[in-house]
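**Student:** One structure coming up, written as structure tokens, with questions to follow.
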Amino acid sequence: MLPPGDLRNCMVALSEEEALLSQLFTHRFKTGDGLKGHNFGNLFVAALTEITGDFAQAVQLASKILATRGRIYPATTANATLVAHMDDGTEVRGETKITASKRRIVELTLDPPNPAPLPETMEAMRRADLITVGPGSLYTSLITNLLVSGVSSALASSRAVRVFVCNLMTQANESLGLTASEHIERIYDHTRAPIFDYAVVNTAKFSADTLERYAAEGAAPIVPDVERIEKLGVRCIVGEFASEENVVRHKAGYVADTVLELARGRAGIA
């Protein structure tokens, strides 16, 4: 079965009972012969995949059972492996090993290359009025999907409003030291074409405690280098999009309102 982690997160995010489902789907069994250590969400998806015999169909059935808002489509159902080409010339295979590596990623590829996209995914992109990319791990979440055959070209030619939602903090082994514009540049290095009309970038300041806590992990707030973003042909929308809790998160409602205004052409910009 394909790794269900991102799928699980999507189902939780689109569920009407997000808090309860999040607790349930992230639960790992503490006891039980054969069950101990297993994640409930993964077992749920595995069971549906075995019943339907098809991962994509299992995704749609899961959405129906959970009454999620909207539809979830994988970029591909091909069993492809992530391959990171590092700054010292080495290759690291697999998401877990890539995120654990201490080297800087120069390029990301898939093995086998150019896996076929899910037709439903391409159709949804073709019909979309608004397409957002991000937030998420720069290489292992965002760029990964853009490497699927046809996805980047569909984005490049799309008539939809295309918005990049920038992360709030840099991430160890993926984006340390990168500014907001450099995130876009790394994406463009892989898409080989511009795919964004707008970038939503946070300018909220963080408390000393938050900065210290993230610095211990080698992370820091992403620098909103607006002028450099706009030189890439991307209109930058700045605002205080971050909230501080146990971890730094986007203000979901504020981000959603902002991108919807962009889609409606009512962003208040000339």
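Residues are referred to by chain and number: the chain letter is A, B, ... according to the order shown in the structure tokens, the number counts from 1 in that chain, and ligands are numbered separately from 1 in the order shown.
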Name the residues in contact with Gly218 of chain A at a cut-off of 9 Å, using only C-alpha atoms, excluding same-chain residues fewer than 2 positions from it; report them as a ChimeraX atom specification.

**Tutor:** /A:170-172,176,214-216,220

**Student:** Could you dump the residues just selected with N, CA and C atoms as a PDB file, in the first residue's frame?

**Tutor:**
```pdb
ATOM      1  N   THR A 170      11.399  27.895   8.826  1.00  0.00           N
ATOM      2  CA  THR A 170      12.255  26.982   8.074  1.00  0.00           C
ATOM      3  C   THR A 170      12.193  25.605   8.728  1.00  0.00           C
ATOM      4  N   GLN A 171      12.587  24.597   7.987  1.00  0.00           N
ATOM      5  CA  GLN A 171      12.493  23.227   8.491  1.00  0.00           C
ATOM      6  C   GLN A 171      13.830  22.529   8.353  1.00  0.00           C
ATOM      7  N   ALA A 172      14.222  21.852   9.400  1.00  0.00           N
ATOM      8  CA  ALA A 172      15.496  21.135   9.397  1.00  0.00           C
ATOM      9  C   ALA A 172      15.585  20.199   8.202  1.00  0.00           C
ATOM     10  N   LEU A 176      16.338  25.018   5.697  1.00  0.00           N
ATOM     11  CA  LEU A 176      17.077  25.874   6.625  1.00  0.00           C
ATOM     12  C   LEU A 176      17.772  27.005   5.872  1.00  0.00           C
ATOM     13  N   TYR A 214      12.254  27.216  18.695  1.00  0.00           N
ATOM     14  CA  TYR A 214      12.512  26.775  17.329  1.00  0.00           C
ATOM     15  C   TYR A 214      14.000  26.797  16.992  1.00  0.00           C
ATOM     16  N   ALA A 215      14.715  27.759  17.567  1.00  0.00           N
ATOM     17  CA  ALA A 215      16.160  27.839  17.323  1.00  0.00           C
ATOM     18  C   ALA A 215      16.872  26.591  17.830  1.00  0.00           C
ATOM     19  N   ALA A 216      16.321  25.985  18.882  1.00  0.00           N
ATOM     20  CA  ALA A 216      16.920  24.762  19.419  1.00  0.00           C
ATOM     21  C   ALA A 216      16.867  23.629  18.401  1.00  0.00           C
ATOM     22  N   ALA A 220      13.972  28.822  12.093  1.00  0.00           N
ATOM     23  CA  ALA A 220      13.782  30.254  12.303  1.00  0.00           C
ATOM     24  C   ALA A 220      12.646  30.737  11.412  1.00  0.00           C
TER      25      ALA A 220
END
```

**Student:** If you run DSSP on the backbone here, which positions in segment 78-181 of chain A get strand (DSSP E or B)? Please write them as a CSV table (one decimal) with C-alpha atoms, in the first residue's frame.

**Tutor:**
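Output saved as selection36.csv:
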```
chain,number,residue,atom,x,y,z
A,81,THR,CA,10.4,6.3,-4.3
A,82,LEU,CA,11.7,9.8,-3.5
A,83,VAL,CA,15.4,10.3,-4.3
A,84,ALA,CA,17.2,13.3,-3.0
A,85,HIS,CA,20.5,14.4,-4.6
A,86,MET,CA,22.6,16.1,-1.9
A,91,GLU,CA,21.8,10.2,-3.1
A,92,VAL,CA,19.3,9.5,-0.3
A,93,ARG,CA,16.3,7.3,-1.0
A,105,ILE,CA,19.1,18.8,-0.9
A,106,VAL,CA,20.1,20.0,-4.3
A,107,GLU,CA,17.5,18.2,-6.4
A,108,LEU,CA,14.6,15.8,-5.8
A,109,THR,CA,13.5,13.1,-8.3
A,110,LEU,CA,11.2,10.1,-8.3
A,111,ASP,CA,12.1,6.5,-9.1
A,130,LEU,CA,-8.3,28.4,-7.4
A,131,ILE,CA,-5.2,26.2,-6.8
A,132,THR,CA,-3.1,26.6,-3.7
A,133,VAL,CA,0.3,25.0,-3.0
A,161,VAL,CA,-5.7,31.7,-9.6
A,162,ARG,CA,-2.6,30.0,-8.4
A,163,VAL,CA,-1.4,30.8,-4.9
A,164,PHE,CA,1.7,29.7,-3.0
A,165,VAL,CA,1.1,29.7,0.8
A,169,MET,CA,9.3,28.6,9.8
```

**Student:** Please identify all polymer residues within 12 Å of Leu24 of chain A, counting only C-alpha atoms, omitting same-chain residues fewer than 5 positions from it, and present them as a list in words.

**Tutor:** Arg8, Asn9, Met11, Val12, Glu17, Glu18, Ala19, Phe29, Asn39, Phe40, Gly41, Asn42, Leu43 and Phe44 of chain A

**Student:** Store the residues picked out above, limited to C-alpha atoms, as a PDB file, in the first residue's frame.

**Tutor:**
```
ATOM      1  CA  ARG A   8      -4.612  10.763   6.705  1.00  0.00           C
ATOM      2  CA  ASN A   9      -3.824  14.417   7.415  1.00  0.00           C
ATOM      3  CA  MET A  11      -9.000  13.486   5.886  1.00  0.00           C
ATOM      4  CA  VAL A  12      -8.539  14.931   9.365  1.00  0.00           C
ATOM      5  CA  GLU A  17     -15.020  16.521  13.688  1.00  0.00           C
ATOM      6  CA  GLU A  18     -11.385  17.502  13.169  1.00  0.00           C
ATOM      7  CA  ALA A  19     -10.258  17.432  16.808  1.00  0.00           C
ATOM      8  CA  PHE A  29      -1.910   0.991  19.905  1.00  0.00           C
ATOM      9  CA  ASN A  39      -1.347   3.651  13.804  1.00  0.00           C
ATOM     10  CA  PHE A  40      -5.150   3.463  13.652  1.00  0.00           C
ATOM     11  CA  GLY A  41      -5.388   5.813  10.671  1.00  0.00           C
ATOM     12  CA  ASN A  42      -3.012   3.653   8.651  1.00  0.00           C
ATOM     13  CA  LEU A  43      -4.975   0.506   9.508  1.00  0.00           C
ATOM     14  CA  PHE A  44      -8.223   2.241   8.501  1.00  0.00           C
TER      15      PHE A  44
END
```

**Student:** Can you list, as a PyMOL selection string, every residue of segment 124-258 of chain A that DSSP puts in alpha helix (DSSP H)?

**Tutor:** chain A and resi 124-127+144-146+151-157+180-191+208-215+226-231+252-258

**Student:** Just checking: using only C-alpha atoms, which residue out of A:His183, A:Arg213, A:Arg103, A:Arg228 ends up closest to Glu244 of chain A?

**Tutor:**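 Counting only C-alpha atoms, the residue closest to Glu244 of chain A is A:Arg213.
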
**Student:** Which is closer to Ala56 of chain A than all the others in A:Ile237, A:Ile98, A:Ala128, A:Ile72, using only C-alpha atoms?

**Tutor:** A:Ile72

**Student:** Set the distance at 12 Å and use only C-alpha atoms: which residues neighbour Glu240 of chain A once local chain neighbours fewer than 6 positions away are removed? I'd like the list as a PyMOL selection string.

**Tutor:** chain A and resi 168+200-206+224+249-252+254-255+258

**Student:** Calculate how many Å separate atom CA of Gly134 of chain A from atom CA of Ala46 of chain A, rounding to one decimal.

**Tutor:** 26.4 Å

**Student:** Just how far from atom CA of Val234 of chain A is atom CA of Ile195 of chain A, in Å to one decimal?

**Tutor:** 9.1 Å

**Student:** If you count only C-alpha atoms, which residues fall within 12 Å of Lys64 of chain A, apart from same-chain ones fewer than 6 positions away, as a list in words?

**Tutor:**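 The residues that qualify are Met11, Leu14, Ser15, Leu48, Gln57, Ala58, Gly70, Arg71 and Ile72 of chain A.
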
**Student:** Let me see the file: selected residues, all heavy atoms, as a PDB file, in the first residue's frame.

**Tutor:**
```pdb
ATOM      1  N   MET A  11      -7.698  13.923   5.393  1.00  0.00           N
ATOM      2  CA  MET A  11      -9.000  13.486   5.886  1.00  0.00           C
ATOM      3  C   MET A  11      -9.327  14.153   7.214  1.00  0.00           C
ATOM      4  O   MET A  11     -10.469  14.575   7.450  1.00  0.00           O
ATOM      5  CB  MET A  11      -9.028  11.965   6.027  1.00  0.00           C
ATOM      6  CG  MET A  11      -9.054  11.240   4.690  1.00  0.00           C
ATOM      7  SD  MET A  11      -9.419   9.469   4.833  1.00  0.00           S
ATOM      8  CE  MET A  11      -7.943   8.878   5.657  1.00  0.00           C
ATOM      9  N   LEU A  14     -10.247  17.905   6.643  1.00  0.00           N
ATOM     10  CA  LEU A  14     -11.526  18.153   5.978  1.00  0.00           C
ATOM     11  C   LEU A  14     -12.715  17.577   6.735  1.00  0.00           C
ATOM     12  O   LEU A  14     -13.852  17.711   6.296  1.00  0.00           O
ATOM     13  CB  LEU A  14     -11.497  17.560   4.562  1.00  0.00           C
ATOM     14  CG  LEU A  14     -10.518  18.212   3.582  1.00  0.00           C
ATOM     15  CD1 LEU A  14     -10.516  17.467   2.267  1.00  0.00           C
ATOM     16  CD2 LEU A  14     -10.872  19.669   3.367  1.00  0.00           C
ATOM     17  N   SER A  15     -12.464  16.972   7.873  1.00  0.00           N
ATOM     18  CA  SER A  15     -13.538  16.370   8.654  1.00  0.00           C
ATOM     19  C   SER A  15     -14.272  17.421   9.476  1.00  0.00           C
ATOM     20  O   SER A  15     -13.685  18.394   9.959  1.00  0.00           O
ATOM     21  CB  SER A  15     -12.976  15.300   9.595  1.00  0.00           C
ATOM     22  OG  SER A  15     -13.958  14.868  10.511  1.00  0.00           O
ATOM     23  N   LEU A  48      -9.566  -0.372   3.946  1.00  0.00           N
ATOM     24  CA  LEU A  48     -10.368   0.066   2.799  1.00  0.00           C
ATOM     25  C   LEU A  48      -9.679  -0.278   1.483  1.00  0.00           C
ATOM     26  O   LEU A  48     -10.333  -0.614   0.496  1.00  0.00           O
ATOM     27  CB  LEU A  48     -10.621   1.576   2.890  1.00  0.00           C
ATOM     28  CG  LEU A  48     -11.560   2.032   4.016  1.00  0.00           C
ATOM     29  CD1 LEU A  48     -11.663   3.548   4.047  1.00  0.00           C
ATOM     30  CD2 LEU A  48     -12.946   1.413   3.839  1.00  0.00           C
ATOM     31  N   GLN A  57      -9.675   4.401  -4.930  1.00  0.00           N
ATOM     32  CA  GLN A  57     -11.062   4.154  -4.563  1.00  0.00           C
ATOM     33  C   GLN A  57     -11.209   4.129  -3.050  1.00  0.00           C
ATOM     34  O   GLN A  57     -12.220   4.601  -2.499  1.00  0.00           O
ATOM     35  CB  GLN A  57     -11.546   2.836  -5.172  1.00  0.00           C
ATOM     36  CG  GLN A  57     -13.047   2.610  -4.999  1.00  0.00           C
ATOM     37  CD  GLN A  57     -13.523   1.330  -5.667  1.00  0.00           C
ATOM     38  OE1 GLN A  57     -12.788   0.736  -6.473  1.00  0.00           O
ATOM     39  NE2 GLN A  57     -14.725   0.904  -5.348  1.00  0.00           N
ATOM     40  N   ALA A  58     -10.197   3.601  -2.361  1.00  0.00           N
ATOM     41  CA  ALA A  58     -10.218   3.584  -0.899  1.00  0.00           C
ATOM     42  C   ALA A  58     -10.243   4.999  -0.334  1.00  0.00           C
ATOM     43  O   ALA A  58     -10.914   5.271   0.666  1.00  0.00           O
ATOM     44  CB  ALA A  58      -9.004   2.822  -0.366  1.00  0.00           C
ATOM     45  N   GLY A  70     -15.547  18.214   0.673  1.00  0.00           N
ATOM     46  CA  GLY A  70     -14.711  18.194  -0.511  1.00  0.00           C
ATOM     47  C   GLY A  70     -14.209  16.803  -0.838  1.00  0.00           C
ATOM     48  O   GLY A  70     -14.572  15.817  -0.190  1.00  0.00           O
ATOM     49  N   ARG A  71     -13.360  16.720  -1.842  1.00  0.00           N
ATOM     50  CA  ARG A  71     -12.827  15.446  -2.306  1.00  0.00           C
ATOM     51  C   ARG A  71     -11.308  15.446  -2.186  1.00  0.00           C
ATOM     52  O   ARG A  71     -10.670  16.477  -2.321  1.00  0.00           O
ATOM     53  CB  ARG A  71     -13.230  15.179  -3.760  1.00  0.00           C
ATOM     54  CG  ARG A  71     -14.725  14.959  -3.936  1.00  0.00           C
ATOM     55  CD  ARG A  71     -15.043  14.666  -5.399  1.00  0.00           C
ATOM     56  NE  ARG A  71     -16.458  14.407  -5.580  1.00  0.00           N
ATOM     57  CZ  ARG A  71     -17.019  13.201  -5.478  1.00  0.00           C
ATOM     58  NH1 ARG A  71     -16.263  12.147  -5.204  1.00  0.00           N
ATOM     59  NH2 ARG A  71     -18.307  13.029  -5.673  1.00  0.00           N
ATOM     60  N   ILE A  72     -10.751  14.283  -1.955  1.00  0.00           N
ATOM     61  CA  ILE A  72      -9.301  14.111  -1.818  1.00  0.00           C
ATOM     62  C   ILE A  72      -8.824  13.217  -2.955  1.00  0.00           C
ATOM     63  O   ILE A  72      -9.301  12.090  -3.116  1.00  0.00           O
ATOM     64  CB  ILE A  72      -8.947  13.469  -0.460  1.00  0.00           C
ATOM     65  CG1 ILE A  72      -9.476  14.313   0.702  1.00  0.00           C
ATOM     66  CG2 ILE A  72      -7.435  13.278  -0.339  1.00  0.00           C
ATOM     67  CD1 ILE A  72      -9.403  13.622   2.042  1.00  0.00           C
TER      68      ILE A  72
END
```

**Student:** Between atom CA of Val45 of chain A and atom CA of Pro74 of chain A, what is the spacing in Å?

**Tutor:**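 It comes out at 13.3 Å.
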
**Student:** Tell me which of A:Ala67, A:Leu211, A:Ala80, A:Ile229 sits closest to Asp197 of chain A, counting only C-alpha atoms.

**Tutor:**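 For Asp197 of chain A, the nearest of the given residues is A:Ile229.
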
**Student:** Let me make sure I understand: among A:Ser22, A:Thr77, A:Asp33, A:Pro3, which one has the smallest atom-to-atom distance to Gly94 of chain A if we use only C-alpha atoms?

**Tutor:**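 For Gly94 of chain A, the nearest of the candidates is A:Pro3.
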
**Student:** Given the choices A:Ala199, A:Ala156, A:Ala47, A:Leu178, which gets closest to Arg126 of chain A if the distance is worked out from only C-alpha atoms?

**Tutor:**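 The shortest atom-to-atom distance to Arg126 of chain A comes from A:Ala156.
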
**Student:** Mind checking which residues fall within 10 Å of Leu138 of chain A, counting only C-alpha atoms, ignoring those fewer than 5 positions away in the same chain, and posting them as a list of chain:residue names?

**Tutor:** A:Ile143, A:Thr144, A:Cys166, A:Asn167, A:Thr170, A:Gln171, A:Glu174, A:Ser175, A:His183, A:Ile184, A:Arg186, A:Ile187

**Student:** Next, write the just-selected residues to a file, as a CSV table (one decimal), in the first residue's frame, keeping all heavy atoms as the atom set.

**Tutor:**
```csv
chain,number,residue,atom,x,y,z
A,143,ILE,N,7.2,19.8,-3.4
A,143,ILE,CA,7.9,19.5,-4.7
A,143,ILE,C,7.6,18.0,-5.2
A,143,ILE,O,7.4,17.8,-6.4
A,143,ILE,CB,9.4,19.7,-4.6
A,143,ILE,CG1,9.7,21.2,-4.5
A,143,ILE,CG2,10.1,19.1,-5.8
A,143,ILE,CD1,11.1,21.6,-4.2
A,144,THR,N,7.4,17.1,-4.2
A,144,THR,CA,7.1,15.7,-4.5
A,144,THR,C,5.9,15.6,-5.5
A,144,THR,O,6.0,14.9,-6.5
A,144,THR,CB,6.8,14.9,-3.3
A,144,THR,OG1,8.0,14.9,-2.4
A,144,THR,CG2,6.4,13.5,-3.6
A,166,CYS,N,3.2,30.3,1.8
A,166,CYS,CA,4.5,30.0,2.3
A,166,CYS,C,4.5,29.5,3.8
A,166,CYS,O,3.6,29.9,4.6
A,166,CYS,CB,5.3,31.3,2.3
A,166,CYS,SG,7.1,31.1,2.6
A,167,ASN,N,5.4,28.6,4.1
A,167,ASN,CA,5.6,28.2,5.5
A,167,ASN,C,5.9,29.3,6.4
A,167,ASN,O,6.3,30.4,5.9
A,167,ASN,CB,6.7,27.1,5.5
A,167,ASN,CG,6.3,25.8,4.9
A,167,ASN,OD1,5.1,25.6,4.6
A,167,ASN,ND2,7.3,25.0,4.6
A,170,THR,N,11.4,27.9,8.8
A,170,THR,CA,12.3,27.0,8.1
A,170,THR,C,12.2,25.6,8.7
A,170,THR,O,11.8,25.5,9.9
A,170,THR,CB,13.7,27.5,8.0
A,170,THR,OG1,14.2,27.6,9.4
A,170,THR,CG2,13.8,28.8,7.3
A,171,GLN,N,12.6,24.6,8.0
A,171,GLN,CA,12.5,23.2,8.5
A,171,GLN,C,13.8,22.5,8.4
A,171,GLN,O,14.5,22.6,7.3
A,171,GLN,CB,11.4,22.5,7.7
A,171,GLN,CG,11.2,21.0,8.2
A,171,GLN,CD,10.1,20.3,7.4
A,171,GLN,OE1,9.6,20.9,6.5
A,171,GLN,NE2,9.8,19.1,7.8
A,174,GLU,N,15.4,20.5,5.2
A,174,GLU,CA,14.6,20.8,4.0
A,174,GLU,C,14.7,22.2,3.5
A,174,GLU,O,14.8,22.5,2.3
A,174,GLU,CB,13.1,20.5,4.2
A,174,GLU,CG,12.8,19.0,4.5
A,174,GLU,CD,11.8,18.4,3.6
A,174,GLU,OE1,11.4,19.1,2.6
A,174,GLU,OE2,11.4,17.3,3.8
A,175,SER,N,14.7,23.2,4.4
A,175,SER,CA,14.6,24.6,4.0
A,175,SER,C,15.4,25.5,4.9
A,175,SER,O,15.1,26.7,5.0
A,175,SER,CB,13.2,25.0,3.9
A,175,SER,OG,12.5,24.9,5.1
A,183,HIS,N,12.2,29.7,-1.5
A,183,HIS,CA,11.2,28.6,-1.5
A,183,HIS,C,10.6,28.5,-2.9
A,183,HIS,O,10.6,27.4,-3.5
A,183,HIS,CB,10.1,28.7,-0.5
A,183,HIS,CG,10.5,28.3,0.9
A,183,HIS,ND1,11.4,29.0,1.7
A,183,HIS,CD2,10.0,27.3,1.7
A,183,HIS,CE1,11.5,28.4,2.9
A,183,HIS,NE2,10.7,27.3,2.9
A,184,ILE,N,10.2,29.6,-3.4
A,184,ILE,CA,9.6,29.6,-4.8
A,184,ILE,C,10.6,29.2,-5.8
A,184,ILE,O,10.3,28.5,-6.7
A,184,ILE,CB,9.0,31.0,-5.1
A,184,ILE,CG1,7.9,31.3,-4.1
A,184,ILE,CG2,8.5,31.1,-6.5
A,184,ILE,CD1,7.3,32.7,-4.2
A,186,ARG,N,13.2,27.3,-5.5
A,186,ARG,CA,13.5,25.9,-5.4
A,186,ARG,C,12.4,25.1,-6.1
A,186,ARG,O,12.6,24.1,-6.8
A,186,ARG,CB,13.6,25.4,-4.0
A,186,ARG,CG,14.8,26.0,-3.2
A,186,ARG,CD,16.1,25.7,-3.8
A,186,ARG,NE,17.2,26.1,-3.0
A,186,ARG,CZ,17.7,27.4,-3.0
A,186,ARG,NH1,17.2,28.3,-3.8
A,186,ARG,NH2,18.7,27.7,-2.2
A,187,ILE,N,11.1,25.6,-5.9
A,187,ILE,CA,10.0,24.9,-6.6
A,187,ILE,C,10.1,25.1,-8.1
A,187,ILE,O,10.0,24.1,-8.9
A,187,ILE,CB,8.7,25.5,-6.1
A,187,ILE,CG1,8.4,25.1,-4.7
A,187,ILE,CG2,7.5,25.0,-7.0
A,187,ILE,CD1,7.2,25.7,-4.0
```
